[in-house]
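Next comes final13.cif, with mmCIF, C-alpha atoms and all ligand atoms.
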```cif
data_upload
loop_
_atom_site.label_atom_id
_atom_site.label_comp_id
_atom_site.auth_asym_id
_atom_site.auth_seq_id
_atom_site.Cartn_x
_atom_site.Cartn_y
_atom_site.Cartn_z
CA MET A 1 0.00 0.00 0.00
CA GLU A 2 1.27 3.44 -0.88
CA GLU A 3 2.07 5.61 2.13
CA VAL A 4 0.17 8.91 2.31
CA PHE A 5 1.50 11.70 4.50
CA PHE A 6 -0.49 14.86 5.12
CA MET A 7 0.96 18.35 5.34
CA ILE A 8 -1.45 20.51 7.29
CA MET A 9 0.50 23.77 7.40
CA LYS A 10 2.38 25.30 4.47
CA GLU A 11 5.92 26.54 5.08
CA SER A 12 4.78 30.09 4.28
CA GLU A 13 2.06 29.83 6.93
CA ILE A 14 4.55 28.66 9.56
CA ASN A 15 6.96 31.45 8.62
CA ASN A 16 4.21 34.03 8.74
CA ILE A 17 3.21 33.02 12.29
CA TYR A 18 6.85 33.02 13.36
CA GLU A 19 7.49 36.48 11.92
CA ASN A 20 4.40 37.95 13.61
CA LEU A 21 5.37 36.29 16.88
CA GLU A 22 8.94 37.52 16.82
CA LYS A 23 7.87 41.07 15.95
CA LYS A 24 5.44 41.08 18.85
CA ILE A 25 7.80 39.59 21.44
CA GLU A 26 10.53 42.03 20.45
CA ALA A 27 8.12 44.93 20.99
CA GLU A 28 7.01 43.48 24.36
CA CYS A 29 10.61 43.02 25.38
CA LYS A 30 11.35 46.70 24.82
CA ARG A 31 8.29 47.64 26.92
CA MET A 32 8.84 45.14 29.74
CA GLU A 33 12.29 46.15 31.07
CA ASN A 34 12.64 44.21 34.35
CA LYS A 35 9.06 43.09 34.79
CA ILE A 36 7.90 39.47 34.92
CA PRO A 37 4.56 39.14 33.08
CA TYR A 38 1.69 36.74 33.76
CA TRP A 39 -1.49 38.13 32.16
CA THR A 40 -2.70 41.42 30.75
CA GLU A 41 -5.14 44.04 31.91
CA ASP A 42 -6.64 46.15 29.11
CA GLY A 43 -4.18 44.55 26.72
CA ILE A 44 -1.05 45.49 28.73
CA TYR A 45 1.11 43.55 31.21
CA GLN A 46 0.43 45.93 34.09
CA GLN A 47 1.28 43.73 37.06
CA ASP A 48 4.91 42.83 37.66
CA TYR A 49 5.06 39.34 39.17
CA ALA A 50 8.59 39.97 40.44
CA GLU A 51 6.87 42.41 42.81
CA LYS A 52 3.46 40.80 43.22
CA ASP A 53 4.58 37.22 43.94
CA ILE A 54 8.15 36.17 43.17
CA TYR A 55 7.27 32.54 44.00
CA TRP A 56 4.49 32.37 41.38
CA TRP A 57 4.80 29.18 39.34
CA THR A 58 4.67 30.93 35.94
CA ASN A 59 7.59 33.27 36.63
CA GLY A 60 9.99 31.39 34.33
CA PHE A 61 7.90 31.31 31.15
CA TRP A 62 8.78 34.83 29.98
CA SER A 63 12.47 33.96 30.04
CA GLY A 64 11.61 30.62 28.38
CA ILE A 65 10.18 32.57 25.44
CA LEU A 66 13.25 34.79 25.36
CA TRP A 67 15.78 31.94 25.49
CA GLN A 68 13.94 30.15 22.67
CA LEU A 69 14.08 33.32 20.57
CA TYR A 70 17.71 33.97 21.51
CA HIS A 71 18.54 30.45 20.36
CA ALA A 72 16.67 31.04 17.07
CA THR A 73 17.92 34.59 16.35
CA GLN A 74 21.06 35.22 18.47
CA LYS A 75 19.66 38.70 19.30
CA GLU A 76 21.31 40.08 22.46
CA LEU A 77 18.07 41.80 23.49
CA TYR A 78 16.54 38.41 24.29
CA LEU A 79 19.59 37.16 26.20
CA ASN A 80 19.88 40.33 28.28
CA THR A 81 16.17 40.42 29.18
CA ALA A 82 16.13 36.69 30.04
CA ARG A 83 19.15 37.16 32.33
CA LYS A 84 17.32 39.93 34.23
CA ASN A 85 14.40 37.53 34.76
CA GLU A 86 16.81 34.84 36.00
CA GLU A 87 18.45 37.23 38.48
CA LEU A 88 15.09 38.37 39.82
CA LEU A 89 14.20 34.74 40.59
CA ASP A 90 17.14 34.53 43.03
CA LYS A 91 14.87 36.19 45.59
CA ALA A 92 12.60 33.12 45.40
CA LEU A 93 15.43 30.57 45.31
CA HIS A 94 17.08 32.06 48.39
CA GLY A 95 13.80 32.91 50.11
CA PHE A 96 12.92 29.19 49.89
CA THR A 97 9.82 29.11 52.11
CA GLY A 98 7.41 30.06 49.32
CA LEU A 99 8.73 27.44 46.89
CA HIS A 100 6.44 24.61 45.79
CA HIS A 101 7.14 21.77 43.36
CA ASP A 102 7.17 24.28 40.48
CA THR A 103 10.93 24.74 40.59
CA GLY A 104 11.00 22.89 37.25
CA PHE A 105 8.73 25.37 35.51
CA MET A 106 10.63 28.28 37.07
CA TRP A 107 14.29 27.28 36.63
CA LEU A 108 14.26 25.02 33.55
CA HIS A 109 13.07 28.08 31.64
CA SER A 110 15.52 30.49 33.23
CA ALA A 111 18.81 29.23 34.69
CA VAL A 112 18.92 25.78 33.05
CA ALA A 113 18.10 27.30 29.65
CA ASP A 114 20.87 29.84 30.21
CA TYR A 115 23.32 27.09 31.16
CA ARG A 116 22.36 24.97 28.18
CA LEU A 117 22.83 27.85 25.74
CA THR A 118 25.74 29.76 27.25
CA GLY A 119 27.42 27.45 29.76
CA SER A 120 27.07 30.09 32.51
CA GLN A 121 28.39 28.64 35.78
CA GLU A 122 26.18 30.94 37.85
CA ALA A 123 23.18 29.56 35.99
CA LEU A 124 24.39 25.99 36.59
CA VAL A 125 24.45 26.60 40.35
CA ARG A 126 20.94 28.06 40.25
CA GLY A 127 19.66 25.07 38.28
CA LEU A 128 21.23 22.52 40.61
CA THR A 129 19.96 24.39 43.67
CA ALA A 130 16.43 24.33 42.22
CA ALA A 131 16.76 20.58 41.49
CA SER A 132 17.86 19.97 45.08
CA VAL A 133 14.82 21.85 46.38
CA LEU A 134 12.57 19.68 44.20
CA ALA A 135 14.30 16.46 45.29
CA GLY A 136 13.92 17.61 48.91
CA ARG A 137 10.14 17.43 48.55
CA TYR A 138 10.27 13.68 47.95
CA ASN A 139 8.32 11.35 50.22
CA PRO A 140 10.19 7.99 50.16
CA VAL A 141 7.33 5.97 51.67
CA GLY A 142 4.70 7.14 49.18
CA LYS A 143 7.30 7.53 46.36
CA PHE A 144 6.03 10.96 45.34
CA ILE A 145 7.10 14.60 45.26
CA ARG A 146 4.86 16.76 47.38
CA ALA A 147 3.14 19.43 45.25
CA TRP A 148 2.10 22.35 47.42
CA ASN A 149 2.49 24.11 50.75
CA PRO A 150 -0.46 25.19 52.95
CA ASP A 151 -0.74 28.61 51.25
CA CYS A 152 -2.11 26.88 48.10
CA VAL A 153 -5.05 25.14 49.76
CA GLU A 154 -8.13 25.98 51.85
CA GLU A 155 -7.58 26.65 55.54
CA GLY A 156 -7.60 23.37 57.48
CA GLU A 157 -6.71 21.22 54.45
CA ASP A 158 -3.55 19.13 54.83
CA CYS A 159 -1.71 18.93 51.49
CA THR A 160 1.38 17.12 52.80
CA GLY A 161 0.51 14.10 50.65
CA TRP A 162 -0.91 15.80 47.56
CA ILE A 163 0.45 15.28 44.06
CA ILE A 164 -0.82 16.97 40.89
CA VAL A 165 -0.43 16.09 37.20
CA ASP A 166 1.42 19.34 36.49
CA SER A 167 4.40 17.78 38.29
CA MET A 168 5.21 15.74 35.19
CA MET A 169 6.54 18.95 33.62
CA ASN A 170 8.68 19.74 36.69
CA ILE A 171 10.56 16.46 36.97
CA PRO A 172 12.70 16.97 33.83
CA LEU A 173 14.71 19.27 36.13
CA LEU A 174 15.69 16.14 38.07
CA TYR A 175 16.63 14.16 34.94
CA TRP A 176 18.79 17.10 33.89
CA ALA A 177 20.46 17.28 37.33
CA SER A 178 21.37 13.58 37.13
CA GLN A 179 22.85 14.07 33.67
CA ILE A 180 24.93 17.03 34.85
CA THR A 181 26.14 15.61 38.17
CA GLY A 182 26.36 11.91 37.24
CA ASP A 183 24.37 11.22 40.43
CA PRO A 184 21.39 8.95 39.69
CA ARG A 185 19.44 9.96 42.81
CA PHE A 186 17.68 12.89 41.14
CA SER A 187 16.50 10.72 38.30
CA GLN A 188 15.52 7.87 40.67
CA ILE A 189 13.21 10.29 42.46
CA ALA A 190 11.76 11.45 39.12
CA VAL A 191 11.08 7.87 38.00
CA ASN A 192 9.47 6.86 41.28
CA HIS A 193 7.29 9.97 41.17
CA ALA A 194 6.28 9.34 37.53
CA ASP A 195 5.25 5.78 38.44
CA THR A 196 3.11 7.08 41.31
CA VAL A 197 1.44 9.66 39.03
CA ALA A 198 0.77 6.91 36.48
CA SER A 199 -0.88 4.65 39.03
CA CYS A 200 -2.90 7.35 40.84
CA LEU A 201 -3.92 9.82 38.15
CA VAL A 202 -3.92 8.20 34.68
CA ARG A 203 -7.26 6.51 33.95
CA ASP A 204 -7.83 3.45 31.76
CA ASP A 205 -9.53 5.49 29.01
CA GLY A 206 -6.49 7.79 28.67
CA SER A 207 -7.99 10.71 30.59
CA CYS A 208 -6.51 11.86 33.91
CA GLY A 209 -7.39 13.36 37.26
CA HIS A 210 -5.74 16.51 38.57
CA ILE A 211 -5.00 15.98 42.30
CA ALA A 212 -4.31 12.72 44.17
CA CYS A 213 -4.30 12.86 47.98
CA ILE A 214 -1.91 10.24 49.34
CA ASN A 215 -1.47 9.42 53.00
CA PRO A 216 2.02 10.85 53.67
CA GLU A 217 2.69 8.32 56.45
CA THR A 218 1.54 5.11 54.71
CA GLY A 219 1.69 6.02 51.02
CA GLU A 220 -1.91 4.90 50.39
CA LEU A 221 -4.07 6.73 47.88
CA GLU A 222 -6.99 8.28 49.77
CA GLN A 223 -8.84 10.57 47.40
CA ILE A 224 -8.89 12.23 43.97
CA LEU A 225 -9.85 15.92 43.80
CA ALA A 226 -11.17 18.03 40.90
CA GLY A 227 -8.48 20.68 41.29
CA GLN A 228 -8.66 23.05 38.33
CA GLY A 229 -11.07 20.80 36.42
CA TYR A 230 -14.87 20.66 36.56
CA SER A 231 -15.08 17.61 38.86
CA GLU A 232 -12.97 14.76 40.22
CA THR A 233 -14.22 12.47 37.43
CA SER A 234 -14.08 15.01 34.59
CA SER A 235 -11.16 15.84 32.34
CA TRP A 236 -9.29 19.14 32.78
CA SER A 237 -7.68 19.75 29.42
CA ARG A 238 -4.50 21.46 30.63
CA GLY A 239 -3.91 18.62 33.06
CA GLN A 240 -4.32 16.30 30.09
CA SER A 241 -1.67 18.24 28.18
CA TRP A 242 0.70 18.25 31.18
CA ILE A 243 0.42 14.48 31.40
CA LEU A 244 0.81 13.75 27.69
CA TYR A 245 3.83 16.03 27.27
CA GLY A 246 5.26 15.13 30.70
CA PHE A 247 5.28 11.37 30.12
CA THR A 248 6.82 11.90 26.68
CA LEU A 249 9.64 13.82 28.35
CA SER A 250 10.08 11.07 30.94
CA TYR A 251 10.37 8.65 28.01
CA ARG A 252 12.92 10.90 26.35
CA TYR A 253 15.16 10.80 29.43
CA THR A 254 14.64 7.17 30.54
CA LYS A 255 13.73 5.31 27.31
CA ASN A 256 11.16 3.39 29.38
CA ASN A 257 8.53 2.28 26.83
CA ALA A 258 5.82 2.26 29.48
CA TYR A 259 6.10 6.07 29.61
CA LEU A 260 5.78 6.40 25.84
CA ASP A 261 2.69 4.16 25.96
CA ILE A 262 1.10 6.43 28.58
CA ALA A 263 2.01 9.47 26.50
CA LYS A 264 0.35 7.96 23.41
CA LYS A 265 -2.76 6.82 25.30
CA THR A 266 -3.27 10.26 26.84
CA ALA A 267 -2.51 11.90 23.48
CA HIS A 268 -5.15 9.77 21.75
CA TYR A 269 -7.71 10.88 24.32
CA PHE A 270 -6.72 14.52 23.68
CA ILE A 271 -6.93 14.08 19.90
CA ALA A 272 -10.34 12.36 20.14
CA ASN A 273 -11.77 15.32 22.04
CA ILE A 274 -10.15 18.33 20.45
CA GLY A 275 -11.63 17.95 16.96
CA LEU A 276 -15.09 18.63 18.41
CA THR A 277 -14.22 22.27 19.19
CA GLY A 278 -12.19 23.29 16.16
CA TYR A 279 -8.87 22.09 17.61
CA VAL A 280 -8.95 24.60 20.48
CA PRO A 281 -9.80 22.57 23.59
CA LEU A 282 -12.54 23.17 26.09
CA CYS A 283 -11.27 24.05 29.56
CA ASP A 284 -12.52 20.64 30.65
CA PHE A 285 -13.39 17.99 28.07
CA ARG A 286 -16.27 16.87 30.31
CA GLN A 287 -17.57 20.27 31.40
CA PRO A 288 -21.36 20.78 31.20
CA ALA A 289 -22.71 21.48 27.71
CA SER A 290 -23.98 24.85 28.98
CA SER A 291 -20.40 26.03 29.40
CA SER A 292 -18.26 27.12 26.46
CA TYR A 293 -15.00 27.93 28.26
CA LEU A 294 -11.97 27.19 26.10
CA ASP A 295 -8.33 26.86 27.11
CA ALA A 296 -5.99 27.56 24.21
CA SER A 297 -2.97 27.10 26.52
CA ALA A 298 -3.87 23.41 26.90
CA GLY A 299 -3.99 22.95 23.13
CA LEU A 300 -0.58 24.53 22.57
CA CYS A 301 1.09 22.57 25.37
CA ALA A 302 -0.42 19.39 23.92
CA ALA A 303 0.79 20.39 20.43
CA CYS A 304 4.37 20.59 21.76
CA GLY A 305 3.87 17.19 23.41
CA LEU A 306 2.54 15.69 20.16
CA LEU A 307 5.56 17.06 18.28
CA GLU A 308 7.78 15.50 20.94
CA ILE A 309 6.00 12.12 20.59
CA ALA A 310 6.52 12.38 16.82
CA GLU A 311 10.27 12.45 17.47
CA HIS A 312 10.12 9.03 19.11
CA VAL A 313 7.92 7.07 16.68
CA ASP A 314 8.31 5.98 13.06
CA GLU A 315 6.17 6.77 10.04
CA PRO A 316 3.21 6.63 9.58
CA ASP A 317 2.61 7.32 13.30
CA LYS A 318 4.99 10.28 13.19
CA ASN A 319 2.69 11.87 10.62
CA LEU A 320 -0.37 11.33 12.81
CA TYR A 321 1.05 13.18 15.83
CA ARG A 322 2.60 15.94 13.75
CA SER A 323 -0.63 16.49 11.80
CA TYR A 324 -2.72 16.92 14.94
CA ALA A 325 -0.12 19.27 16.40
CA GLU A 326 -0.30 21.36 13.24
CA LEU A 327 -4.10 21.41 13.30
CA ILE A 328 -3.97 22.79 16.85
CA ILE A 329 -1.31 25.39 16.02
CA GLN A 330 -3.02 26.47 12.80
CA ASN A 331 -6.48 26.85 14.35
CA THR A 332 -5.16 28.58 17.47
CA ALA A 333 -3.17 31.02 15.35
CA GLU A 334 -6.24 31.76 13.22
CA THR A 335 -8.87 32.09 15.92
CA CYS A 336 -7.21 32.95 19.25
CA CYS A 337 -4.23 35.19 18.57
CA ASN A 338 -3.68 38.93 18.89
CA TRP A 339 -0.78 39.89 16.63
CA ASP A 340 -0.86 43.64 17.32
CA PRO A 341 2.67 44.56 18.51
CA GLU A 342 1.28 47.65 20.30
CA THR A 343 -0.52 45.46 22.86
CA ASP A 344 0.81 42.65 25.05
CA SER A 345 0.19 38.87 24.90
CA ILE A 346 -0.51 36.81 21.83
CA VAL A 347 -2.73 33.85 22.75
CA GLN A 348 -6.22 34.65 24.06
CA ASN A 349 -9.11 32.30 25.05
CA CYS A 350 -7.30 30.68 27.96
CA LYS A 351 -8.67 29.72 31.37
CA VAL A 352 -6.83 29.30 34.67
CA ALA A 353 -9.33 26.90 36.22
CA PHE A 354 -12.92 25.88 35.61
CA HIS A 355 -14.17 27.06 39.03
CA ASN A 356 -13.19 29.95 41.27
CA ASP A 357 -11.70 31.88 38.41
CA ARG A 358 -12.70 35.53 38.23
CA ARG A 359 -11.68 35.74 34.56
CA GLU A 360 -14.08 34.14 32.08
CA GLN A 361 -11.35 33.88 29.45
CA THR A 362 -7.90 35.39 29.52
CA ASP A 363 -4.40 35.37 28.10
CA LEU A 364 -1.66 33.52 30.02
CA ILE A 365 2.10 33.87 29.60
CA TYR A 366 2.61 30.11 29.28
CA ALA A 367 0.24 29.93 26.30
CA ASP A 368 2.61 32.33 24.52
CA TYR A 369 5.54 30.18 25.61
CA PHE A 370 4.00 27.02 24.13
CA LEU A 371 3.11 28.87 20.90
CA THR A 372 6.75 29.96 20.65
CA GLU A 373 8.08 26.47 21.30
CA ALA A 374 5.55 24.92 18.90
CA ILE A 375 6.30 27.23 15.98
CA LEU A 376 10.06 26.92 16.50
CA ARG A 377 9.69 23.14 16.60
CA LEU A 378 7.92 23.29 13.21
CA LYS A 379 10.78 25.39 11.87
CA GLY A 380 13.41 23.07 13.41
CA LYS A 381 14.81 26.04 15.40
CA ASP A 382 13.78 25.14 18.97
CA PHE A 383 16.05 23.77 21.68
CA LEU A 384 15.07 21.36 24.46
CA ILE A 385 14.13 23.53 27.41
CA TRP A 386 12.56 20.70 29.45
N1 LIG B 1 -1.49 24.50 38.27
C1 LIG B 1 -0.84 24.89 37.10
C2 LIG B 1 -1.78 25.15 36.01
O1 LIG B 1 -2.61 26.03 36.15
O2 LIG B 1 -1.75 24.49 35.01
#
```
When written as structure tokens, how does the structure in this file appear?
Ligand code: GLY
Amino acid sequence: MEEVFFMIMKESEINNIYENLEKKIEAECKRMENKIPYWTEDGIYQQDYAEKDIYWWTNGFWSGILWQLYHATQKELYLNTARKNEELLDKALHGFTGLHHDTGFMWLHSAVADYRLTGSQEALVRGLTAASVLAGRYNPVGKFIRAWNPDCVEEGEDCTGWIIVDSMMNIPLLYWASQITGDPRFSQIAVNHADTVASCLVRDDGSCGHIACINPETGELEQILAGQGYSETSSWSRGQSWILYGFTLSYRYTKNNAYLDIAKKTAHYFIANIGLTGYVPLCDFRQPASSSYLDASAGLCAACGLLEIAEHVDEPDKNLYRSYAELIIQNTAETCCNWDPETDSIVQNCKVAFHNDRREQTDLIYADYFLTEAILRLKGKDFLIW
């Protein structure tokens, strides 16, 4: 049988998105100076998260965008602005008490990216310090990395034994630390944690839960919580993208086929759902029909994960994952993006959480990060930040 491969996006379309993106980020960069952005108000990044909350989990994504563009263009503007972001994060690294398990999101995109691209020894120390903080949250009885501290949960709730799917994107920091130091302990913790996430949060149909509450003394699973999704049995789309991309990354570092199988299973669930809403996912794939909340950030993170899966499979499967990634990128670029360089943030139609979220739909800095990574992956100009 003749093999048929589909090209969804034309090269000119990819280049056009990239050019618009770079023009906009360059303009933002000149406006931002030392600020760390999260979301806009009236189209402008007004709040500086270096001031508002230096421990905030998204505080590395701006420098992640800049390091990706520095790698692609070699423009000093991006390097210098990313370095300022990295230095600002020292207040969190040394402050310590406000740190959660998000050290991966925060320092893979800042110090580790810097080290990978420039070899900076200061950045290396920051990255290894962040990895040690993450490893220090490990519970050896339950074989998991604790997610949050009490400030993230309701008063009276004990989160000592909580794990969340987002963690799968933090543990590459541990794989990296093992590679750099030659000490397998970081990676052993990552693998044990990934196995616990797989057994507690990945469902048989390929969907996943958000929060698992594990007894921190005995290691027994006690409860699943809805977290940022609609309910404990529903399907929060960004959690789904964290798990599909996260297990692909664990496969990349360990070559354990069980992780690639989980990545594919969770990807197939994502693909089966996303076509129903024009390739921009609902906030929760099982939210009530009366709700139309979308979350473009979930789609773009999943697109990067699908492109990563494509790197580890042969044709014709490679074509399947790449095609769905392109459908997501193309539709998001057409229907959810603001390309005006005079205003901040590109990707709109995002959602922080289904409940308790004062913004109906918003922009989010990590959606712009995943758009940047996705388009650079299509151009073959990205570098591995995870
Ligand atoms: N908890 C991280 C996220 O909003 O995806």
Show me which residues are within 9 Å of ligand LIG 1 (chain B) counting only C-alpha atoms and all ligand atoms, and format the list as an mmCIF file with C-alpha atoms, in the frame of the given file.
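Everything below was put into out_37.cif:
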```cif
data_model
loop_
_atom_site.group_PDB
_atom_site.id
_atom_site.type_symbol
_atom_site.label_atom_id
_atom_site.label_comp_id
_atom_site.auth_asym_id
_atom_site.auth_seq_id
_atom_site.Cartn_x
_atom_site.Cartn_y
_atom_site.Cartn_z
ATOM 1 C CA TRP A 57 4.800 29.180 39.340
ATOM 2 C CA THR A 58 4.670 30.930 35.940
ATOM 3 C CA ASP A 102 7.170 24.280 40.480
ATOM 4 C CA ILE A 164 -0.820 16.970 40.890
ATOM 5 C CA VAL A 165 -0.430 16.090 37.200
ATOM 6 C CA ASP A 166 1.420 19.340 36.490
ATOM 7 C CA SER A 167 4.400 17.780 38.290
ATOM 8 C CA GLY A 227 -8.480 20.680 41.290
ATOM 9 C CA GLN A 228 -8.660 23.050 38.330
ATOM 10 C CA ARG A 238 -4.500 21.460 30.630
ATOM 11 C CA GLY A 239 -3.910 18.620 33.060
ATOM 12 C CA TRP A 242 0.700 18.250 31.180
ATOM 13 C CA SER A 297 -2.970 27.100 26.520
ATOM 14 C CA ALA A 298 -3.870 23.410 26.900
ATOM 15 C CA LYS A 351 -8.670 29.720 31.370
ATOM 16 C CA VAL A 352 -6.830 29.300 34.670
ATOM 17 C CA ALA A 353 -9.330 26.900 36.220
#
```
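Counting all atoms listed in the file, the residue from A:Ile224, A:Ile14, A:Leu124, A:Cys152 that sits nearest to A:Gln330 is A:Ile14.
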Checklist outcome for this item: Judged by all atoms listed in the file, the minimum distance to A:Arg185 among A:Cys200, A:Val153, A:Ile25, A:Ala135 is found for A:Ala135
Checklist entry - Once you count all atoms listed in the file, which residues end up no further than 12 Å from (3.7, 45.1, 17.5) in the file's frame, shown as a ChimeraX atom specification? => result /A:19-31,338-346
Would you save the residues of that selection, restricted to C-alpha atoms, as a PDB file, in the coordinates of the input?
```
ATOM      1  CA  GLU A  19       7.490  36.480  11.920  1.00  0.00           C
ATOM      2  CA  ASN A  20       4.400  37.950  13.610  1.00  0.00           C
ATOM      3  CA  LEU A  21       5.370  36.290  16.880  1.00  0.00           C
ATOM      4  CA  GLU A  22       8.940  37.520  16.820  1.00  0.00           C
ATOM      5  CA  LYS A  23       7.870  41.070  15.950  1.00  0.00           C
ATOM      6  CA  LYS A  24       5.440  41.080  18.850  1.00  0.00           C
ATOM      7  CA  ILE A  25       7.800  39.590  21.440  1.00  0.00           C
ATOM      8  CA  GLU A  26      10.530  42.030  20.450  1.00  0.00           C
ATOM      9  CA  ALA A  27       8.120  44.930  20.990  1.00  0.00           C
ATOM     10  CA  GLU A  28       7.010  43.480  24.360  1.00  0.00           C
ATOM     11  CA  CYS A  29      10.610  43.020  25.380  1.00  0.00           C
ATOM     12  CA  LYS A  30      11.350  46.700  24.820  1.00  0.00           C
ATOM     13  CA  ARG A  31       8.290  47.640  26.920  1.00  0.00           C
ATOM     14  CA  ASN A 338      -3.680  38.930  18.890  1.00  0.00           C
ATOM     15  CA  TRP A 339      -0.780  39.890  16.630  1.00  0.00           C
ATOM     16  CA  ASP A 340      -0.860  43.640  17.320  1.00  0.00           C
ATOM     17  CA  PRO A 341       2.670  44.560  18.510  1.00  0.00           C
ATOM     18  CA  GLU A 342       1.280  47.650  20.300  1.00  0.00           C
ATOM     19  CA  THR A 343      -0.520  45.460  22.860  1.00  0.00           C
ATOM     20  CA  ASP A 344       0.810  42.650  25.050  1.00  0.00           C
ATOM     21  CA  SER A 345       0.190  38.870  24.900  1.00  0.00           C
ATOM     22  CA  ILE A 346      -0.510  36.810  21.830  1.00  0.00           C
TER      23      ILE A 346
END
```
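Residue nearest A:Glu315 within the list A:Tyr259, A:Phe5, A:Leu174, A:Ser63: A:Phe5 [criterion: smallest interatomic distance, only C-alpha atoms].
Distance-wise, atom CA of A:Val313 and atom CA of A:Ser250 end up 15.0 Å apart.
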Checklist entry - Residues around (6.9, 32.8, 24.2), cut-off 10 Å, counting only C-alpha atoms - what are they as a PyMOL selection string? => result chain A and resi 21-22+24-25+61-69+345-347+365-375
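Distances from A:Pro216, A:Gly104, A:Gly156, A:Gly95 to A:Tyr138 were compared using all atoms listed in the file, and the smallest one belongs to A:Pro216.
Contact shell of A:Arg322 at 9 Å (all atoms listed in the file; same-chain neighbours under 5 positions omitted): Met7, Ile8, Ala303, Leu306, Leu307, Glu308, Ile309, Ala310, Asp317 and Leu327 of chain A.
Comparing A:Ala82, A:Leu128, A:Ala123, A:Ile271 by their smallest distance to A:Asp183, the closest is A:Leu128 (using only C-alpha atoms).
One distance worth recording is that between atom CA of A:Glu33 and atom CA of A:Arg83, which is 11.4 Å.
The smallest atom-to-atom distance between A:Phe186 and any of A:Cys208, A:Ser132, A:Arg146, A:Ile385, using only C-alpha atoms, is found for A:Ser132.
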Item to check | Spatial neighbours of A:Gln240, 9 Å, all atoms listed in the file, chain gap at least 6 places, as an MDAnalysis selection string | outcome: chainID A and resid 165 206:210 266:267 269:270 298 302
Checklist entry - atom CA of A:His268 and atom CA of A:Asn256, how far apart in Å? => result 19.1 Å
Checklist entry - Using only C-alpha atoms, which residues sit within 12 Å of A:Leu276 once same-chain residues fewer than 5 positions away are excluded, as a PyMOL selection string? => result chain A and resi 270-271+281-282+285+294+328
Item to check | Contacts of A:Asp363 within 6 Å, only C-alpha atoms, excl. fewer than 4 positions in-chain, as a ChimeraX atom specification | outcome: /A:39,347-348,350
